[in-house]
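Contents: one structure, followed by commentary.
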Amino acid sequence: MQDHRPAAFLDEIPNSLVPECKVPLIARFRSRPSVLLRLALFAWMISPLYSQVPSKTDHTPIKTTVCEALSHPEPLDGKMVEIHADFYASWEGAGLSDGKCEGAGELVRPFQHGLAKPYADALRGVTKRYGFDDVVRDQAWQEFDSASRRLYTGMGETLPDGTTKWGDYGYISADFAGVLVIKRNFRVKNGFGNGWGHLGMSKFLLVVRSVSNVSPHPCACPSSGKVPPALSPAQTPH
């Protein structure tokens, strides 16, 4: 015998809503389980609970700045943002900065492996919530990726002819879209922070999704084969 119990929810329809058609609907739908399934799905979609389910596709970035993320980080924690910043690198690491304010943020690519546990946990949380584990590999990303490999860090690359290549760019300006992960209760004590990056001095971590408006800035880098000077503030965005 076919089980028609799924139709029982129709008994809950108030008479005030369908005074003339409630009885015919019940009689008809008891013999059409597929219709009941569609009705149940429709009821779920218009319920308040459905609107609370996070979407993995509709994430319009919040436009912000490095200075805003550093001064008022909490409202941006876990949010998809678009942030204009200068990406720089040194032998101590790389980061995002803005010459208008002190401090810097850390950038991490979602496909990086072998990261320390705090970074791995952050990436895992972003991937689970937003559903991406790679960057948008368009022309802008290729430009940024190529330029970032040619940043002057104070450390050279030995070429096949025996000379040393020190770098071409001091920093890269770009619009970075991604998810901000804020270090709550950030503090600095005795020159060490509890945040991200070198010495824990970065208040936020940006898990980058895409880049745009990429603009590499040439540096006064030493010629190939020469001993480089120490990396000075004038050669970084600060």
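Letters A, B, ... go to the chains of the structure tokens in the order shown; residues in each chain start at 1; ligands are counted from 1 in the same order.
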
Set the distance at 12 Å and use only C-alpha atoms: which residues neighbour segment 186-200 of chain A once local chain neighbours fewer than 3 positions away are removed? I'd like the list as a CSV table (one decimal) with N, CA and C atoms, in the first residue's frame.
```csv
chain,number,residue,atom,x,y,z
A,70,LEU,N,43.2,48.5,9.5
A,70,LEU,CA,44.1,48.5,10.7
A,70,LEU,C,43.5,49.3,11.8
A,71,SER,N,42.7,50.3,11.5
A,71,SER,CA,42.1,51.1,12.6
A,71,SER,C,40.8,50.6,13.1
A,73,PRO,N,39.3,47.1,12.5
A,73,PRO,CA,39.3,45.8,11.9
A,73,PRO,C,38.1,44.9,12.1
A,74,GLU,N,37.5,45.0,13.3
A,74,GLU,CA,36.5,44.0,13.7
A,74,GLU,C,35.3,43.9,12.7
A,89,ALA,N,58.1,43.3,-0.4
A,89,ALA,CA,58.7,42.1,0.1
A,89,ALA,C,60.1,42.4,0.6
A,90,SER,N,60.6,41.6,1.6
A,90,SER,CA,62.0,41.7,2.0
A,90,SER,C,62.4,40.3,2.4
A,91,TRP,N,63.6,40.2,2.9
A,91,TRP,CA,64.1,38.9,3.3
A,91,TRP,C,63.3,38.4,4.5
A,92,GLU,N,62.6,39.3,5.2
A,92,GLU,CA,61.9,38.9,6.4
A,92,GLU,C,60.5,38.4,6.1
A,93,GLY,N,60.0,38.7,4.8
A,93,GLY,CA,58.7,38.4,4.5
A,93,GLY,C,58.0,39.4,3.6
A,94,ALA,N,56.7,39.3,3.3
A,94,ALA,CA,56.0,40.2,2.4
A,94,ALA,C,54.7,40.7,3.1
A,95,GLY,N,54.2,41.8,2.6
A,95,GLY,CA,53.0,42.3,3.2
A,95,GLY,C,52.3,43.3,2.4
A,96,LEU,N,51.2,43.9,3.0
A,96,LEU,CA,50.4,44.9,2.3
A,96,LEU,C,50.5,46.1,3.2
A,103,GLY,N,51.8,50.5,10.0
A,103,GLY,CA,51.4,49.1,10.1
A,103,GLY,C,51.2,48.5,8.7
A,104,ALA,N,51.0,47.2,8.8
A,104,ALA,CA,50.9,46.4,7.5
A,104,ALA,C,50.0,45.2,7.8
A,105,GLY,N,49.5,44.6,6.7
A,105,GLY,CA,48.8,43.4,6.7
A,105,GLY,C,49.6,42.3,6.0
A,106,GLU,N,49.1,41.0,6.2
A,106,GLU,CA,49.8,39.9,5.6
A,106,GLU,C,48.9,39.4,4.5
A,107,LEU,N,49.5,38.9,3.4
A,107,LEU,CA,48.8,38.3,2.3
A,107,LEU,C,49.2,36.8,2.1
A,108,VAL,N,48.2,36.0,1.9
A,108,VAL,CA,48.4,34.6,1.7
A,108,VAL,C,47.6,34.1,0.5
A,115,LEU,N,51.9,25.5,5.4
A,115,LEU,CA,51.8,26.7,6.3
A,115,LEU,C,51.7,26.3,7.7
A,116,ALA,N,52.1,27.3,8.6
A,116,ALA,CA,51.9,27.1,10.0
A,116,ALA,C,50.5,26.9,10.3
A,117,LYS,N,50.2,26.2,11.5
A,117,LYS,CA,48.8,25.9,11.8
A,117,LYS,C,47.8,27.1,11.8
A,118,PRO,N,48.2,28.2,12.4
A,118,PRO,CA,47.2,29.3,12.3
A,118,PRO,C,46.8,29.7,10.9
A,119,TYR,N,47.8,29.7,10.0
A,119,TYR,CA,47.5,30.1,8.6
A,119,TYR,C,46.6,29.0,8.0
A,122,ALA,N,43.1,29.3,9.1
A,122,ALA,CA,42.5,30.4,8.5
A,122,ALA,C,42.0,30.1,7.1
A,180,LEU,N,39.3,39.0,4.6
A,180,LEU,CA,40.1,39.4,5.7
A,180,LEU,C,39.9,38.5,6.9
A,181,VAL,N,41.0,38.2,7.5
A,181,VAL,CA,41.0,37.4,8.8
A,181,VAL,C,41.7,38.3,9.8
A,182,ILE,N,41.0,38.8,10.8
A,182,ILE,CA,41.5,39.7,11.8
A,182,ILE,C,42.0,39.0,13.0
A,183,LYS,N,43.2,39.5,13.5
A,183,LYS,CA,43.7,39.0,14.7
A,183,LYS,C,43.0,39.7,15.9
A,203,LYS,N,48.2,43.0,11.8
A,203,LYS,CA,46.9,42.9,12.5
A,203,LYS,C,45.9,42.1,11.7
A,204,PHE,N,46.1,42.0,10.4
A,204,PHE,CA,45.1,41.3,9.5
A,204,PHE,C,45.9,40.4,8.5
A,205,LEU,N,45.2,39.4,8.1
A,205,LEU,CA,45.6,38.5,7.0
A,205,LEU,C,44.6,38.5,5.9
A,206,LEU,N,45.0,38.7,4.7
A,206,LEU,CA,44.2,38.7,3.5
A,206,LEU,C,44.4,37.4,2.7
```

Please tabulate, as a Markdown table, the residues of segment 164-195 of chain A that come within 9 Å of segment 58-66 of chain A, each with its closest pair of atoms and the distance in Å to one decimal, counting only C-alpha atoms and ordering rows by chain, then residue number upward.
```
| residue | atom | partner | partner_atom | distance |
| --- | --- | --- | --- | --- |
| A:Ala177 | CA | A:Pro61 | CA | 7.0 |
| A:Gly178 | CA | A:Pro61 | CA | 7.8 |
| A:Val179 | CA | A:Pro61 | CA | 8.7 |
```

List the neighbours of His217 of chain A out to 8 Å using only C-alpha atoms; skip same-chain residues closer than 5 positions along the sequence, and give me the result as number ranges by chain. A: 169-173

Just the number, please: distance in Å from atom CA of Val135 of chain A to atom CA of Arg150 of chain A, one decimal.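 Pair atom CA of Val135 of chain A / atom CA of Arg150 of chain A returns 19.7 Å.
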
Which residue is closest to Asp145 of chain A? Choose from A:Arg109, A:Arg184, A:Ala220, A:Gly125 and count only C-alpha atoms.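 Among the listed residues, A:Arg109 lies closest to Asp145 of chain A.
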
Could you go through segment 102-161 of chain A and tell me which residues DSSP, when run on the backbone, assigns to strand (DSSP E or B), listing them as a ChimeraX atom specification? /A:105-108,151,157-158

Just the selected residues (N, CA and C atoms), exported as an mmCIF file, in the first residue's frame, please.
```
data_model
loop_
_atom_site.group_PDB
_atom_site.id
_atom_site.type_symbol
_atom_site.label_atom_id
_atom_site.label_comp_id
_atom_site.auth_asym_id
_atom_site.auth_seq_id
_atom_site.Cartn_x
_atom_site.Cartn_y
_atom_site.Cartn_z
ATOM 1 N N GLY A 105 49.540 44.606 6.677
ATOM 2 C CA GLY A 105 48.801 43.351 6.737
ATOM 3 C C GLY A 105 49.576 42.261 6.021
ATOM 4 N N GLU A 106 49.143 41.042 6.221
ATOM 5 C CA GLU A 106 49.796 39.886 5.604
ATOM 6 C C GLU A 106 48.922 39.366 4.473
ATOM 7 N N LEU A 107 49.533 38.891 3.395
ATOM 8 C CA LEU A 107 48.793 38.310 2.274
ATOM 9 C C LEU A 107 49.159 36.839 2.150
ATOM 10 N N VAL A 108 48.164 35.998 1.943
ATOM 11 C CA VAL A 108 48.405 34.579 1.729
ATOM 12 C C VAL A 108 47.565 34.113 0.546
ATOM 13 N N LEU A 151 60.523 41.274 -7.220
ATOM 14 C CA LEU A 151 60.649 42.319 -6.214
ATOM 15 C C LEU A 151 62.040 42.296 -5.589
ATOM 16 N N GLU A 157 69.377 36.511 -6.796
ATOM 17 C CA GLU A 157 69.244 35.226 -7.486
ATOM 18 C C GLU A 157 70.454 35.052 -8.410
ATOM 19 N N THR A 158 71.160 33.963 -8.226
ATOM 20 C CA THR A 158 72.329 33.700 -9.061
ATOM 21 C C THR A 158 71.895 33.164 -10.414
#
```

List as a PDB file with all heavy atoms, in the first residue's frame the protein and nucleic acid residues near Val214 of chain A, meaning an atom at most 10 Å away when only C-alpha atoms are counted, but skip any in the same chain fewer than 4 places from it.
```pdb
ATOM      1  N   ASP A  86      49.775  48.460  -1.333  1.00  0.00           N
ATOM      2  CA  ASP A  86      51.092  48.257  -1.921  1.00  0.00           C
ATOM      3  C   ASP A  86      51.651  46.949  -1.373  1.00  0.00           C
ATOM      4  O   ASP A  86      51.773  46.779  -0.156  1.00  0.00           O
ATOM      5  CB  ASP A  86      52.033  49.409  -1.556  1.00  0.00           C
ATOM      6  CG  ASP A  86      51.571  50.743  -2.122  1.00  0.00           C
ATOM      7  OD1 ASP A  86      51.020  50.741  -3.238  1.00  0.00           O
ATOM      8  OD2 ASP A  86      51.755  51.779  -1.444  1.00  0.00           O
ATOM      9  N   GLN A 139      44.634  37.656 -16.586  1.00  0.00           N
ATOM     10  CA  GLN A 139      45.815  38.411 -17.015  1.00  0.00           C
ATOM     11  C   GLN A 139      46.386  39.253 -15.879  1.00  0.00           C
ATOM     12  O   GLN A 139      47.614  39.361 -15.717  1.00  0.00           O
ATOM     13  CB  GLN A 139      45.447  39.320 -18.197  1.00  0.00           C
ATOM     14  CG  GLN A 139      46.613  40.129 -18.752  1.00  0.00           C
ATOM     15  CD  GLN A 139      47.712  39.256 -19.337  1.00  0.00           C
ATOM     16  OE1 GLN A 139      47.440  38.184 -19.883  1.00  0.00           O
ATOM     17  NE2 GLN A 139      48.964  39.712 -19.240  1.00  0.00           N
ATOM     18  N   ALA A 140      45.503  39.840 -15.068  1.00  0.00           N
ATOM     19  CA  ALA A 140      45.969  40.658 -13.950  1.00  0.00           C
ATOM     20  C   ALA A 140      46.765  39.817 -12.946  1.00  0.00           C
ATOM     21  O   ALA A 140      47.791  40.277 -12.418  1.00  0.00           O
ATOM     22  CB  ALA A 140      44.782  41.329 -13.258  1.00  0.00           C
ATOM     23  N   TRP A 141      46.291  38.583 -12.693  1.00  0.00           N
ATOM     24  CA  TRP A 141      47.033  37.735 -11.758  1.00  0.00           C
ATOM     25  C   TRP A 141      48.401  37.368 -12.333  1.00  0.00           C
ATOM     26  O   TRP A 141      49.401  37.347 -11.609  1.00  0.00           O
ATOM     27  CB  TRP A 141      46.251  36.462 -11.439  1.00  0.00           C
ATOM     28  CG  TRP A 141      47.064  35.524 -10.590  1.00  0.00           C
ATOM     29  CD1 TRP A 141      47.763  34.422 -11.003  1.00  0.00           C
ATOM     30  CD2 TRP A 141      47.335  35.667  -9.205  1.00  0.00           C
ATOM     31  NE1 TRP A 141      48.432  33.860  -9.958  1.00  0.00           N
ATOM     32  CE2 TRP A 141      48.197  34.598  -8.828  1.00  0.00           C
ATOM     33  CE3 TRP A 141      46.933  36.582  -8.229  1.00  0.00           C
ATOM     34  CZ2 TRP A 141      48.651  34.439  -7.525  1.00  0.00           C
ATOM     35  CZ3 TRP A 141      47.386  36.413  -6.927  1.00  0.00           C
ATOM     36  CH2 TRP A 141      48.238  35.351  -6.585  1.00  0.00           C
ATOM     37  N   GLN A 142      48.465  37.084 -13.611  1.00  0.00           N
ATOM     38  CA  GLN A 142      49.741  36.754 -14.239  1.00  0.00           C
ATOM     39  C   GLN A 142      50.720  37.921 -14.119  1.00  0.00           C
ATOM     40  O   GLN A 142      51.912  37.720 -13.856  1.00  0.00           O
ATOM     41  CB  GLN A 142      49.521  36.376 -15.704  1.00  0.00           C
ATOM     42  CG  GLN A 142      48.728  35.085 -15.897  1.00  0.00           C
ATOM     43  CD  GLN A 142      48.470  34.765 -17.360  1.00  0.00           C
ATOM     44  OE1 GLN A 142      49.193  35.238 -18.238  1.00  0.00           O
ATOM     45  NE2 GLN A 142      47.450  33.986 -17.635  1.00  0.00           N
ATOM     46  N   GLU A 143      50.214  39.145 -14.294  1.00  0.00           N
ATOM     47  CA  GLU A 143      51.065  40.327 -14.161  1.00  0.00           C
ATOM     48  C   GLU A 143      51.575  40.458 -12.722  1.00  0.00           C
ATOM     49  O   GLU A 143      52.764  40.730 -12.497  1.00  0.00           O
ATOM     50  CB  GLU A 143      50.288  41.580 -14.567  1.00  0.00           C
ATOM     51  CG  GLU A 143      49.923  41.644 -16.038  1.00  0.00           C
ATOM     52  CD  GLU A 143      49.044  42.836 -16.366  1.00  0.00           C
ATOM     53  OE1 GLU A 143      48.770  43.640 -15.426  1.00  0.00           O
ATOM     54  OE2 GLU A 143      48.639  42.992 -17.518  1.00  0.00           O
ATOM     55  N   PHE A 144      50.677  40.280 -11.770  1.00  0.00           N
ATOM     56  CA  PHE A 144      51.070  40.397 -10.367  1.00  0.00           C
ATOM     57  C   PHE A 144      52.048  39.289  -9.972  1.00  0.00           C
ATOM     58  O   PHE A 144      53.061  39.551  -9.316  1.00  0.00           O
ATOM     59  CB  PHE A 144      49.838  40.332  -9.466  1.00  0.00           C
ATOM     60  CG  PHE A 144      50.172  40.235  -8.005  1.00  0.00           C
ATOM     61  CD1 PHE A 144      50.632  41.336  -7.304  1.00  0.00           C
ATOM     62  CD2 PHE A 144      50.043  39.024  -7.328  1.00  0.00           C
ATOM     63  CE1 PHE A 144      50.968  41.247  -5.960  1.00  0.00           C
ATOM     64  CE2 PHE A 144      50.374  38.923  -5.983  1.00  0.00           C
ATOM     65  CZ  PHE A 144      50.841  40.037  -5.301  1.00  0.00           C
ATOM     66  N   ALA A 147      55.487  39.983 -11.502  1.00  0.00           N
ATOM     67  CA  ALA A 147      56.166  41.111 -10.868  1.00  0.00           C
ATOM     68  C   ALA A 147      56.592  40.786  -9.442  1.00  0.00           C
ATOM     69  O   ALA A 147      57.658  41.217  -8.986  1.00  0.00           O
ATOM     70  CB  ALA A 147      55.257  42.339 -10.881  1.00  0.00           C
ATOM     71  N   ILE A 172      54.512  46.687  -5.502  1.00  0.00           N
ATOM     72  CA  ILE A 172      53.465  46.557  -6.517  1.00  0.00           C
ATOM     73  C   ILE A 172      52.167  47.122  -5.952  1.00  0.00           C
ATOM     74  O   ILE A 172      51.677  46.651  -4.919  1.00  0.00           O
ATOM     75  CB  ILE A 172      53.237  45.087  -6.916  1.00  0.00           C
ATOM     76  CG1 ILE A 172      54.551  44.440  -7.346  1.00  0.00           C
ATOM     77  CG2 ILE A 172      52.198  44.981  -8.028  1.00  0.00           C
ATOM     78  CD1 ILE A 172      54.465  42.924  -7.451  1.00  0.00           C
ATOM     79  N   SER A 173      51.610  48.118  -6.606  1.00  0.00           N
ATOM     80  CA  SER A 173      50.301  48.648  -6.216  1.00  0.00           C
ATOM     81  C   SER A 173      49.220  47.866  -6.966  1.00  0.00           C
ATOM     82  O   SER A 173      49.369  47.572  -8.154  1.00  0.00           O
ATOM     83  CB  SER A 173      50.183  50.132  -6.563  1.00  0.00           C
ATOM     84  OG  SER A 173      51.122  50.892  -5.836  1.00  0.00           O
ATOM     85  N   ALA A 174      48.139  47.549  -6.276  1.00  0.00           N
ATOM     86  CA  ALA A 174      47.054  46.790  -6.908  1.00  0.00           C
ATOM     87  C   ALA A 174      45.809  46.837  -6.029  1.00  0.00           C
ATOM     88  O   ALA A 174      45.868  47.240  -4.857  1.00  0.00           O
ATOM     89  CB  ALA A 174      47.472  45.341  -7.155  1.00  0.00           C
ATOM     90  N   ASP A 175      44.706  46.443  -6.615  1.00  0.00           N
ATOM     91  CA  ASP A 175      43.472  46.229  -5.862  1.00  0.00           C
ATOM     92  C   ASP A 175      43.375  44.735  -5.593  1.00  0.00           C
ATOM     93  O   ASP A 175      43.313  43.930  -6.529  1.00  0.00           O
ATOM     94  CB  ASP A 175      42.253  46.712  -6.647  1.00  0.00           C
ATOM     95  CG  ASP A 175      42.255  48.223  -6.836  1.00  0.00           C
ATOM     96  OD1 ASP A 175      42.724  48.928  -5.913  1.00  0.00           O
ATOM     97  OD2 ASP A 175      41.794  48.709  -7.886  1.00  0.00           O
ATOM     98  N   PHE A 176      43.354  44.376  -4.327  1.00  0.00           N
ATOM     99  CA  PHE A 176      43.326  42.976  -3.920  1.00  0.00           C
ATOM    100  C   PHE A 176      41.938  42.628  -3.394  1.00  0.00           C
ATOM    101  O   PHE A 176      41.445  43.276  -2.472  1.00  0.00           O
ATOM    102  CB  PHE A 176      44.365  42.709  -2.826  1.00  0.00           C
ATOM    103  CG  PHE A 176      45.775  42.963  -3.252  1.00  0.00           C
ATOM    104  CD1 PHE A 176      46.333  44.231  -3.139  1.00  0.00           C
ATOM    105  CD2 PHE A 176      46.553  41.940  -3.776  1.00  0.00           C
ATOM    106  CE1 PHE A 176      47.643  44.476  -3.532  1.00  0.00           C
ATOM    107  CE2 PHE A 176      47.863  42.173  -4.168  1.00  0.00           C
ATOM    108  CZ  PHE A 176      48.404  43.448  -4.057  1.00  0.00           C
TER     109      PHE A 176
END
```

Please identify the helix (DSSP H, G or I) residues within segment 44-177 of chain A (assignment by DSSP from backbone atoms) and present them as a ChimeraX atom specification. /A:44-45,48-51,66-71,74-76,117-130,139-148
